[in-house]
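Containing mmCIF, C-alpha atoms: start.cif.
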```cif
data_model
#
loop_
_atom_site.label_atom_id
_atom_site.label_comp_id
_atom_site.auth_asym_id
_atom_site.auth_seq_id
_atom_site.Cartn_x
_atom_site.Cartn_y
_atom_site.Cartn_z
CA MET A 1 -41.25 -133.85 -78.64
CA PHE A 2 -39.22 -131.40 -80.72
CA TRP A 3 -40.33 -127.85 -81.21
CA ARG A 4 -39.29 -125.03 -83.48
CA GLU A 5 -40.83 -121.83 -84.69
CA PRO A 6 -42.29 -122.36 -88.17
CA SER A 7 -40.26 -119.42 -89.47
CA GLU A 8 -37.06 -121.31 -88.48
CA TRP A 9 -38.04 -124.85 -89.50
CA SER A 10 -41.62 -125.84 -90.28
CA TRP A 11 -43.35 -129.17 -90.70
CA GLU A 12 -43.35 -128.46 -94.44
CA ASP A 13 -39.56 -128.02 -94.31
CA GLN A 14 -39.25 -131.29 -92.39
CA ALA A 15 -41.42 -133.21 -94.85
CA ALA A 16 -39.43 -131.96 -97.87
CA ASN A 17 -36.29 -133.65 -99.25
CA GLY A 18 -37.33 -137.13 -98.22
CA GLY A 19 -38.22 -135.89 -94.76
CA ILE A 20 -34.74 -136.35 -93.24
CA SER A 21 -33.04 -133.56 -91.32
CA LYS A 22 -30.47 -132.92 -88.64
CA TRP A 23 -31.97 -131.67 -85.37
CA ASP A 24 -29.27 -129.48 -83.91
CA GLY A 25 -28.80 -126.11 -82.27
CA VAL A 26 -30.04 -127.33 -78.88
CA LYS A 27 -28.07 -125.30 -76.31
CA ASN A 28 -29.94 -125.98 -73.06
CA LYS A 29 -28.23 -128.78 -71.10
CA GLN A 30 -31.52 -130.37 -69.98
CA ALA A 31 -32.85 -130.39 -73.56
CA GLN A 32 -29.52 -131.88 -74.72
CA LYS A 33 -29.90 -134.61 -72.09
CA TYR A 34 -33.33 -135.47 -73.51
CA LEU A 35 -31.90 -135.42 -77.05
CA LYS A 36 -29.03 -137.73 -76.02
CA SER A 37 -31.49 -140.21 -74.49
CA MET A 38 -33.25 -140.81 -77.80
CA SER A 39 -32.79 -144.15 -79.49
CA LEU A 40 -32.95 -145.27 -83.09
CA ASN A 41 -36.57 -145.46 -84.33
CA ASP A 42 -38.00 -143.49 -81.38
CA LEU A 43 -41.09 -141.61 -82.49
CA CYS A 44 -41.34 -137.94 -81.58
CA PHE A 45 -43.95 -135.25 -82.04
CA PHE A 46 -43.03 -132.25 -84.18
CA TYR A 47 -44.43 -129.11 -82.55
CA HIS A 48 -44.70 -125.60 -83.97
CA SER A 49 -43.95 -122.96 -81.35
CA GLY A 50 -44.13 -119.20 -81.60
CA PRO A 51 -46.79 -116.55 -81.17
CA LYS A 52 -49.12 -117.66 -83.97
CA ALA A 53 -48.92 -121.45 -84.23
CA ARG A 54 -48.48 -123.52 -81.08
CA ARG A 55 -49.53 -126.99 -82.09
CA VAL A 56 -48.40 -130.55 -82.74
CA MET A 57 -48.06 -130.86 -86.51
CA GLY A 58 -46.68 -134.34 -87.12
CA VAL A 59 -44.49 -137.25 -86.10
CA VAL A 60 -40.81 -137.86 -86.83
CA SER A 61 -38.60 -140.88 -86.19
CA VAL A 62 -34.99 -140.86 -84.96
CA VAL A 63 -32.85 -142.26 -87.80
CA ARG A 64 -29.46 -141.40 -86.27
CA GLU A 65 -28.78 -141.18 -82.55
CA TRP A 66 -26.89 -138.35 -80.84
CA TYR A 67 -23.58 -137.39 -82.43
CA ALA A 68 -21.13 -134.56 -81.89
CA GLU A 69 -21.80 -131.54 -84.08
CA GLY A 70 -20.03 -128.20 -83.73
CA ASP A 71 -20.36 -126.87 -80.18
CA GLY A 72 -23.04 -129.40 -79.28
CA GLY A 73 -24.64 -132.35 -80.95
CA ALA A 74 -27.56 -133.51 -83.02
CA VAL A 75 -29.85 -136.36 -83.92
CA ASP A 76 -31.19 -137.00 -87.40
CA VAL A 77 -34.94 -137.38 -87.77
CA LYS A 78 -37.23 -138.39 -90.60
CA ALA A 79 -40.81 -137.28 -91.14
CA VAL A 80 -43.21 -140.17 -90.53
CA GLY A 81 -46.56 -138.47 -90.98
CA GLU A 82 -48.59 -135.34 -90.50
CA MET A 83 -51.23 -135.26 -87.77
CA ARG A 84 -54.68 -135.86 -89.18
CA ARG A 85 -55.64 -132.76 -87.21
CA PRO A 86 -53.02 -130.51 -85.58
CA VAL A 87 -53.30 -130.49 -81.79
CA ASP A 88 -53.28 -126.96 -80.41
CA LEU A 89 -51.52 -125.99 -77.19
CA LYS A 90 -54.81 -124.55 -75.86
CA GLU A 91 -56.47 -127.97 -76.21
CA MET A 92 -53.71 -129.64 -74.23
CA LYS A 93 -53.72 -126.96 -71.52
CA ALA A 94 -57.49 -127.31 -71.11
CA ASP A 95 -57.22 -131.06 -70.52
CA PRO A 96 -56.35 -132.12 -66.93
CA HIS A 97 -54.56 -135.24 -68.27
CA PHE A 98 -51.71 -132.94 -69.36
CA LYS A 99 -51.10 -131.27 -65.98
CA ASP A 100 -47.70 -132.93 -65.46
CA PHE A 101 -46.54 -132.66 -69.07
CA THR A 102 -42.93 -131.41 -69.22
CA LEU A 103 -43.88 -128.98 -72.01
CA PHE A 104 -45.92 -127.05 -69.44
CA ARG A 105 -43.46 -127.36 -66.55
CA GLN A 106 -40.40 -126.41 -68.65
CA PRO A 107 -41.84 -124.47 -71.61
CA ARG A 108 -38.51 -123.04 -72.79
CA LEU A 109 -37.01 -126.45 -73.60
CA SER A 110 -36.95 -127.24 -77.32
CA VAL A 111 -36.83 -130.99 -76.65
CA VAL A 112 -39.05 -132.61 -74.01
CA PRO A 113 -39.90 -136.21 -73.15
CA VAL A 114 -43.41 -137.52 -73.81
CA SER A 115 -44.78 -140.32 -71.65
CA LEU A 116 -46.85 -143.07 -73.28
CA HIS A 117 -49.95 -141.67 -71.55
CA ILE A 118 -49.35 -138.19 -73.04
CA TRP A 119 -48.43 -139.69 -76.44
CA ASN A 120 -51.72 -141.59 -76.56
CA LYS A 121 -53.70 -138.53 -75.47
CA ILE A 122 -52.13 -136.24 -78.11
CA SER A 123 -52.58 -138.93 -80.76
CA ALA A 124 -56.26 -139.29 -79.83
CA LEU A 125 -56.85 -135.52 -79.92
CA GLY A 126 -55.27 -135.34 -83.37
CA GLY A 127 -56.99 -138.42 -84.75
CA GLY A 128 -53.58 -140.09 -85.14
CA TYR A 129 -51.11 -139.28 -87.89
CA HIS A 130 -50.75 -140.29 -91.52
CA GLY A 131 -48.69 -143.47 -91.59
CA ASP A 132 -49.88 -144.89 -88.27
CA ALA A 133 -51.78 -148.15 -87.92
CA LEU A 134 -55.07 -146.24 -88.35
CA ASN A 135 -54.44 -145.56 -92.07
#
```
Any chance you could put this one into structure tokens?
Amino acid sequence: MFWREPSEWSWEDQAANGGISKWDGVKNKQAQKYLKSMSLNDLCFFYHSGPKARRVMGVVSVVREWYAEGDGGAVDVKAVGEMRRPVDLKEMKADPHFKDFTLFRQPRLSVVPVSLHIWNKISALGGGYHGDALN
């Protein structure tokens, strides 16, 4: 899962220009480790953070694995589809299935891993995403 404040980079920004962007600016070493572990075609949730909009907005795919960039590195991602219904942070926090979710244990990380169990739960809460097998 990648997260950014909508004022910095929103789902709408991600979906524009063919949906491809460089995901960079990750300074935290643990978040960089998660970023480096991503493989080509991995699917990732796109999450809006910030005081007004904390929710999963869509799904992106890794189209270029980790590469050196400036003082750190980056991966390139492409928008796959918007969630049929955004999944709010409050919904996830209220559900006991999310108790071990890294997003809650390490909330300051801008990149966190998502287990298959958590992926399926978020997908179900959001009714899937446009472009999934449910279309």
Would you write out, as number ranges by chain, every residue that the PyMOL selection byres ((chain A and resi 108-119) around 6) captures in this file? A: 1-3, 31, 106-107, 120-122
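Residue nearest Gly73 (chain A) within the list A:Trp9, A:Tyr129, A:Tyr34, A:Trp23: A:Trp23 [criterion: smallest interatomic distance, all atoms listed in the file].
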Output as AutoDock Vina command-line options the centre and edge lengths (Å, one decimal) of the box along x, y and z of the file that holds every listed atom of region 60-68 of chain A after adding 6 Å on each side.
```
--center_x -31.0 --center_y -138.4 --center_z -84.3 --size_x 31.7 --size_y 19.7 --size_z 19.0
```
What gap, in Å, lies between CA of Ile20 (chain A) and CA of Asp76 (chain A)? 6.9 Å
The residues within 8 Å of (-27.8, -137.0, -76.7), using only C-alpha atoms and the coordinates of the file, should be reported as a PyMOL selection string; which are they? chain A and resi 32-38+65-67+73-75
Set the distance at 8 Å and use only C-alpha atoms: which residues neighbour region 81-86 of chain A once local chain neighbours fewer than 3 positions away are removed? I'd like the list as a list of chain:residue names. A:Arg55, A:Val56, A:Met57, A:Gly58, A:Val59, A:Val60, A:Leu125, A:Gly126, A:Gly127, A:Gly128, A:Tyr129, A:His130, A:Gly131, A:Asp132
Grab the residues selected above and save them as a CSV table (one decimal), in the coordinates of the input with C-alpha atoms.
```csv
chain,number,residue,atom,x,y,z
A,55,ARG,CA,-49.5,-127.0,-82.1
A,56,VAL,CA,-48.4,-130.6,-82.7
A,57,MET,CA,-48.1,-130.9,-86.5
A,58,GLY,CA,-46.7,-134.3,-87.1
A,59,VAL,CA,-44.5,-137.2,-86.1
A,60,VAL,CA,-40.8,-137.9,-86.8
A,125,LEU,CA,-56.8,-135.5,-79.9
A,126,GLY,CA,-55.3,-135.3,-83.4
A,127,GLY,CA,-57.0,-138.4,-84.8
A,128,GLY,CA,-53.6,-140.1,-85.1
A,129,TYR,CA,-51.1,-139.3,-87.9
A,130,HIS,CA,-50.8,-140.3,-91.5
A,131,GLY,CA,-48.7,-143.5,-91.6
A,132,ASP,CA,-49.9,-144.9,-88.3
```
I'd like the neighbourhood of Met92 (chain A) as a short mmCIF file (atom, residue, chain, number, x, y, z; two decimals) with C-alpha atoms, in the coordinates of the input, where a residue qualifies if any of its atoms comes within 10 Å (using only C-alpha atoms), though same-chain residues fewer than 2 positions away should be ignored.
```cif
data_model
loop_
_atom_site.label_atom_id
_atom_site.label_comp_id
_atom_site.auth_asym_id
_atom_site.auth_seq_id
_atom_site.Cartn_x
_atom_site.Cartn_y
_atom_site.Cartn_z
CA ARG A 55 -49.53 -126.99 -82.09
CA VAL A 87 -53.30 -130.49 -81.79
CA ASP A 88 -53.28 -126.96 -80.41
CA LEU A 89 -51.52 -125.99 -77.19
CA LYS A 90 -54.81 -124.55 -75.86
CA ALA A 94 -57.49 -127.31 -71.11
CA ASP A 95 -57.22 -131.06 -70.52
CA PRO A 96 -56.35 -132.12 -66.93
CA HIS A 97 -54.56 -135.24 -68.27
CA PHE A 98 -51.71 -132.94 -69.36
CA LYS A 99 -51.10 -131.27 -65.98
CA PHE A 101 -46.54 -132.66 -69.07
CA PHE A 104 -45.92 -127.05 -69.44
CA ILE A 118 -49.35 -138.19 -73.04
CA LYS A 121 -53.70 -138.53 -75.47
CA ILE A 122 -52.13 -136.24 -78.11
CA LEU A 125 -56.85 -135.52 -79.92
#
```
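Ranking A:Ser39, A:Ser49, A:Asn28, A:Ser61 by their shortest atom-to-atom distance to Ala15 (chain A), with all atoms listed in the file included, puts A:Ser61 first.
Between Arg4 (chain A) and the candidates A:Asp71, A:Gly18, A:Thr102, A:Tyr47, the tightest atom-to-atom separation, counting all atoms listed in the file, involves A:Tyr47.
For the pair CA of Lys93 (chain A) and CA of Asn41 (chain A), the separation is 28.3 Å.
Here CA of Asp42 (chain A) stands at a distance of 16.5 Å from CA of Gln14 (chain A).
Among A:Pro51, A:Phe45, A:Gln30, A:Val62, the residue with the shortest atom-to-atom distance to Pro6 (chain A), counting only C-alpha atoms, is A:Pro51.
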